[in-house]
Amino acid sequence: MNKLLKTLEYNKIAEKLTAHALTKPGRELCETIEPAWDYQEISEKLAETQEAVNIILRYETPQFSGIHDIRTAIKRAEISSTLTPEELLNIADTLRGSKKLKKLSENLDDNFPILSEKFNALYQNTGIETAIYQAIDNTDHISDHASPELYQIRQKIQSEENNIKEKINAIIRGGSYSKYLQESIVTLRNDRYVIPVKQEYRSHIPGLVHDSSSTGSTLFIEPMAVVEANNRIHELYLHEKSEIEKILSELSAKIWPITQELTYLQKTLANLDFIFAKAKLSLQQKAFAPNLNQNGYIHLLQARHPLIPDKKVVPIDIWIGKDFRSLIITGPNTGGKTVTLKTVGLLTLMAYSGLFIPALENSEIAVFDKVYADIGDEQSIEQSLSTFSSHMTNIISILKNITPNSLVLLDELGSGTDPVEGSALAVAILDYLYKFGCRTIASTHYSELKTYALTTPGIKNASCEFDVNTLNPIYKLMIGLPGKSNAFAISKKLGLSEYILENAKNFIAHEQVKFEDIISELQKDRQTLEQQRNQAQQELAEIEKLKKELAESKAKLEEHKTKILTKAREEATGILLDAEETAKETMKEIKEAKKLKYNEMNKKFDNAKSKIKKQLSKTYVKTEDTETPYTPFEIKVGMNVYIPSLDQEASVLSLPDSDQNVQVQAGIVKSKLHISKLRPTKQPQSTVNNVKISVSSKIQAQNISNEIMLRHMHVDEALYELEKYIDHALIANLSTIRIVHGKGEGILRKAVHEFLKNHPNVKSYRLGEFGEGDLGVTIAELK
């Protein structure tokens with residue numbers, strides 16, 4: 001197992017993963033990550049990574065700051081040791097970090113069952129957390145308020161220190177002593193207050209010598225006047241130390257009963273850190289979760305080797321396990337064969353570890369019993385083994401351990417020995433693996449293996465492309481075609497003479513030359529078909545895009561149409577309901593009127609009749625016998641006409657067509673009507689009515705603004721509001737109006753301009769200038 005991980009450079013993936021972990025226990029889990037081999041376990045690992053990715057994308061990245069490694073502190077608490085302030089503070093910080101993470105989980109919906117369970121399992125203990133923070137500050141210093149006794153002790157220490165400083169300052173300031181001092185300062189030596197005295201004046205200042213300078217010229221003397229006070233301070237310091245030990249002991253005693261909970265909390269936090277490290281690595285690599293299967297089917301789409309920089313890596317498509325169980329890759333050295341084998345192997349192990357793979361969505365990974373690989377130069381000087389011997393030792397070990405559900409990766413199979421014997425051994429090994437039922441991907445130089453793959457069902461050729469013109473590998477994998485030997489082409493490109501090349505071809509069997517020529521032609525045809533396929537895919541993508549845009553436009557139109565019809569039906573229903581209610585009230589009044597005297601009854605009846613007539617007029621219903629007979633009249637675009645069947649005026653939008661139908665607009669509704677359904681605009685009934693309407697309109701229009709806001713309206717609704725507004729603006733004698741329609745895609749602006757162009761009372765219009773609203777505003781001048 002370790003050899004496989006080393007061969008495929010799995011440890012480097014672990015290093016990349018570890019860089020994303022934020023806690024020491026989380027980093028340890030990343031460093032020791034290993035693939036699983038059970039389908040259910042692998043599925044669960046990938047599912048938890050998927051949930052973590054979704055949380056980062058939909059919510060936020062969980063923060064693990066403040067969470068410490070408290071495992072040592074827990075073990076010390078289990079044996080009743082007194083914990084240090086740092087250890088206690090780390091426990092409090094970890095409890096607080098756990099509480100923050102648990103709070104994040106409260107916002108998660110039901111789509112995160114795995115991580116919600118882990119978040120909910122996080123242990124909390126606000127009591128202990130608060131007690132530690134009250135006793136210890138963030139510098140690991142015991143707070144004065146950790147206990148009343150500690151507070152009193154420190155107050156006494158401060159008082160005694162002030163007394164000592166006053167006494168010593170009096171000595172320093174005294175003129176008789178100042179000449180004996182090296183400096184006029186107070187300092188500490190051995191936790192006692194002292195003054196610096198010149199060595200030669202030692203006898204002039206009575207006291208205890210506690211220290212001297214490095215040169216011996218200065219003595220640090222504790223004056224006898226403060227010895228007693230220093231002793232009292234020393235005693236207080238001892239009391240302070242004892243009280244601090246008591247406080248720490250009490251806090252540590254609170255930790256011992258919850259050591260199991262803290263241990264489980266530490267493991268849960270480490271596991272969450274590990275899971276989110278997997279998610280962050282997946283996002284960094286632009287990786288996706290593969291689809292798993294138990295059918296031995298691998299299908300990787302645009303797979304990238306995760307250890308090759310993005311600018312250099314060439315994505316490959318590779319599949320095996322359905323139509324064929326063995327894949328033989330041929331091609332020149334450094335052409336990408338080894339990288340292909342490592343990509344398949346490493347991505348498989350990453351998926352087994354719960355890591356997303358750098359490949360497109362819907363890529364498939366099979367769950368095998370084991371993965372075996374013989375890749376690279378295994379020559380061992382210590383064991384005196386040649387390259388061939390070393391490879392053969394590995395292969396023999398692989399053949400002893402494989403099962404029908406194994407994946408075997410073999411690089412340069414049969415190399416390192418006589419080509420005839422090597423190719424024969426390679427064919428025999430591949431044949432054995434195929435008949436055993438394994439999935440095998442092997443790389444080789446031997447042309448015999450190309451023929452074997454072409455003539456054996458269930459085995460497929462593949463090749464890595466090579467550009468002969470630039471002498472550089474393209475690294476692109478082509479499944480279905482064997483690789484062409486490019487030795488002659490490369491030699492010719494490098495300048496080898498034609499004579500030697502032609503002579504070399506004579507030493508090769510005619511059938512072999514013909515076979516290489518066929519491969520060359522097939523590769524050319526394949527490249528042409530590939531280009532045509534790419535072009536077809538681009539065109540298909542454009543068609544799909546246009547279809548999508550058309551469908552969206554159609555849906556918007558249908559939605560708009562539905563809204564208009566719904567609104568019309570609601571208005572009609574409201575009018576009918578009002579009419580029905582009025583009729584009921586009126587019938588009630590008629591019944592009551594029968595009981596009244598004749599004159600009163602007539603009066604009530606007239607009122608009821610008036611109400612019914614007024615309400616029914618809103619339903620726009622006209623009988624044929626009251627309709628004015630049709631008389632032909634001239635119809636012009638923009639003129640107003642009367643529609644008897646609706647008892648409503650409308651504006652003409654088009655001239656009569658071949659069927660004598662005219663498009664008109666009544667309010668926000670456009671429709672086509674036959675000219676026989678139209679009448680000239682109704683004339684005013686009387687001068688009195690005109691005067692009433694004019695006065696009413698002018699009163700209503702006195703406060704009209706010179707601006708109308710149409711932005712965010714549908715075109716039909718906006719034009720209906722604009723028509724009403726212009727009528728009021730004319731009554732109010734406005735000469736210029738400002739129409740705000742917004743910029744957007746310009747649809748509403750075009751509709752407004754078309755309307756103004758055909759309006760009989762609009763003299764001119766223009767777009768707003770700088771400071772007026774630019775393209776979002778139109779200025780219109782009225783006649």
# chains A, B, ... in the order shown; residues from 1 in each chain; ligands from 1
call {"tool": "residues_around", "arguments": {"residues": "stretch 123-127 of chain A", "least_positions_apart": "6", "cutoff": "8 Å", "atoms": "only C-alpha atoms", "output": "list in words"}}
result
Leu95, Arg96, Ser98, Lys99, Glu261, Leu262 and Leu265 of chain A
call {"tool": "write_last_selection", "arguments": {"atoms": "N, CA and C atoms", "output": "mmCIF file, in the first residue's frame"}}
result
data_model
loop_
_atom_site.group_PDB
_atom_site.id
_atom_site.type_symbol
_atom_site.label_atom_id
_atom_site.label_comp_id
_atom_site.auth_asym_id
_atom_site.auth_seq_id
_atom_site.Cartn_x
_atom_site.Cartn_y
_atom_site.Cartn_z
ATOM 1 N N LEU A 95 -13.812 26.103 23.652
ATOM 2 C CA LEU A 95 -15.254 26.064 23.920
ATOM 3 C C LEU A 95 -15.973 27.209 23.218
ATOM 4 N N ARG A 96 -15.355 28.383 23.217
ATOM 5 C CA ARG A 96 -15.979 29.530 22.538
ATOM 6 C C ARG A 96 -15.998 29.318 21.027
ATOM 7 N N SER A 98 -16.087 26.447 19.506
ATOM 8 C CA SER A 98 -17.107 25.425 19.265
ATOM 9 C C SER A 98 -18.493 26.041 19.240
ATOM 10 N N LYS A 99 -18.732 26.991 20.137
ATOM 11 C CA LYS A 99 -20.052 27.644 20.204
ATOM 12 C C LYS A 99 -20.328 28.451 18.943
ATOM 13 N N GLU A 261 -16.037 14.659 27.445
ATOM 14 C CA GLU A 261 -16.720 15.565 26.512
ATOM 15 C C GLU A 261 -15.716 16.415 25.731
ATOM 16 N N LEU A 262 -14.673 16.889 26.425
ATOM 17 C CA LEU A 262 -13.661 17.697 25.741
ATOM 18 C C LEU A 262 -12.862 16.864 24.746
ATOM 19 N N LEU A 265 -15.036 16.507 21.807
ATOM 20 C CA LEU A 265 -15.095 17.809 21.135
ATOM 21 C C LEU A 265 -13.850 18.028 20.279
#
call {"tool": "residues_around", "arguments": {"residues": "stretch 414-417 of chain A", "least_positions_apart": "3", "cutoff": "12 Å", "atoms": "only C-alpha atoms", "output": "ChimeraX atom specification"}}
result
/A:374-379,385-392,395,410-411,420-430,442-446,448-449
call {"tool": "residues_around", "arguments": {"residues": "A:Leu281", "least_positions_apart": "2", "cutoff": "12 Å", "atoms": "only C-alpha atoms", "output": "ChimeraX atom specification"}}
result
/A:13-21,30,49-50,52-53,56,274-279,283-288,306,350,354-358
call {"tool": "residues_around", "arguments": {"residues": "A:Asp38", "least_positions_apart": "2", "cutoff": "10 Å", "atoms": "only C-alpha atoms", "output": "PyMOL selection string"}}
result
chain A and resi 35-36+40-43+352+367-369
call {"tool": "closest_residue", "arguments": {"among": "A:Ile136, A:Ala729, A:Glu754, A:Val715", "to": "A:Ile564", "atoms": "only C-alpha atoms"}}
result
A:Val715
call {"tool": "residues_around", "arguments": {"residues": "A:Glu245", "least_positions_apart": "4", "cutoff": "10 Å", "atoms": "only C-alpha atoms", "output": "short mmCIF file (atom, residue, chain, number, x, y, z; two decimals) with all heavy atoms, in the first residue's frame"}}
result
data_model
loop_
_atom_site.label_atom_id
_atom_site.label_comp_id
_atom_site.auth_asym_id
_atom_site.auth_seq_id
_atom_site.Cartn_x
_atom_site.Cartn_y
_atom_site.Cartn_z
N THR A 82 -2.93 20.25 38.32
CA THR A 82 -3.37 21.64 38.22
C THR A 82 -2.92 22.20 36.88
O THR A 82 -1.72 22.17 36.56
CB THR A 82 -2.79 22.48 39.36
OG1 THR A 82 -3.24 21.94 40.62
CG2 THR A 82 -3.24 23.92 39.24
N LEU A 83 -3.85 22.69 36.13
CA LEU A 83 -3.54 23.20 34.79
C LEU A 83 -2.98 24.61 34.87
O LEU A 83 -3.30 25.39 35.79
CB LEU A 83 -4.80 23.20 33.93
CG LEU A 83 -5.52 21.85 33.76
CD1 LEU A 83 -6.72 22.00 32.82
CD2 LEU A 83 -4.56 20.80 33.21
N THR A 84 -2.14 24.93 33.91
CA THR A 84 -1.56 26.27 33.84
C THR A 84 -2.61 27.26 33.32
O THR A 84 -3.60 26.86 32.70
CB THR A 84 -0.34 26.29 32.91
OG1 THR A 84 -0.79 26.02 31.57
CG2 THR A 84 0.69 25.26 33.33
N HIS A 239 1.42 34.89 49.90
CA HIS A 239 -0.02 34.70 50.01
C HIS A 239 -0.68 34.76 48.63
O HIS A 239 -1.61 33.99 48.34
CB HIS A 239 -0.63 35.77 50.93
CG HIS A 239 -0.29 35.59 52.37
ND1 HIS A 239 -0.28 34.37 53.00
CD2 HIS A 239 0.09 36.49 53.34
CE1 HIS A 239 0.07 34.51 54.27
NE2 HIS A 239 0.31 35.80 54.50
N GLU A 240 -0.19 35.70 47.81
CA GLU A 240 -0.75 35.84 46.45
C GLU A 240 -0.52 34.57 45.65
O GLU A 240 -1.43 34.06 44.98
CB GLU A 240 -0.10 37.03 45.74
CG GLU A 240 -0.63 37.23 44.31
CD GLU A 240 0.21 38.23 43.52
OE1 GLU A 240 1.43 38.30 43.74
OE2 GLU A 240 -0.37 38.92 42.66
N LYS A 241 0.70 34.02 45.73
CA LYS A 241 1.02 32.80 45.00
C LYS A 241 0.13 31.64 45.46
O LYS A 241 -0.38 30.86 44.65
CB LYS A 241 2.50 32.45 45.20
CG LYS A 241 2.95 31.22 44.43
CD LYS A 241 4.43 30.95 44.65
CE LYS A 241 4.86 29.69 43.89
NZ LYS A 241 6.31 29.39 44.12
N SER A 249 -6.34 25.55 40.93
CA SER A 249 -6.74 24.21 41.34
C SER A 249 -8.26 24.05 41.25
O SER A 249 -8.77 23.00 40.81
CB SER A 249 -6.26 23.93 42.77
OG SER A 249 -6.67 22.65 43.20
N GLU A 250 -8.99 25.08 41.67
CA GLU A 250 -10.45 25.03 41.61
C GLU A 250 -10.95 24.97 40.16
O GLU A 250 -11.88 24.23 39.83
CB GLU A 250 -11.05 26.23 42.33
CG GLU A 250 -10.87 26.18 43.84
CD GLU A 250 -11.36 27.45 44.52
OE1 GLU A 250 -11.70 28.41 43.79
OE2 GLU A 250 -11.39 27.49 45.78
N LEU A 251 -10.31 25.75 39.29
CA LEU A 251 -10.70 25.73 37.87
C LEU A 251 -10.37 24.38 37.25
O LEU A 251 -11.14 23.84 36.45
CB LEU A 251 -9.99 26.86 37.10
CG LEU A 251 -10.46 28.29 37.40
CD1 LEU A 251 -9.56 29.29 36.68
CD2 LEU A 251 -11.91 28.49 36.96
#
call {"tool": "atom_distance", "arguments": {"atom1": "atom CA of A:Phe112", "atom2": "atom CA of A:Ser282"}}
result
17.9 Å
call {"tool": "select_by_dssp", "arguments": {"residues": "stretch 113-223 of chain A", "states": "alpha helix (DSSP H)", "output": "ChimeraX atom specification"}}
result
/A:113-120,126-135,148-173,175-178
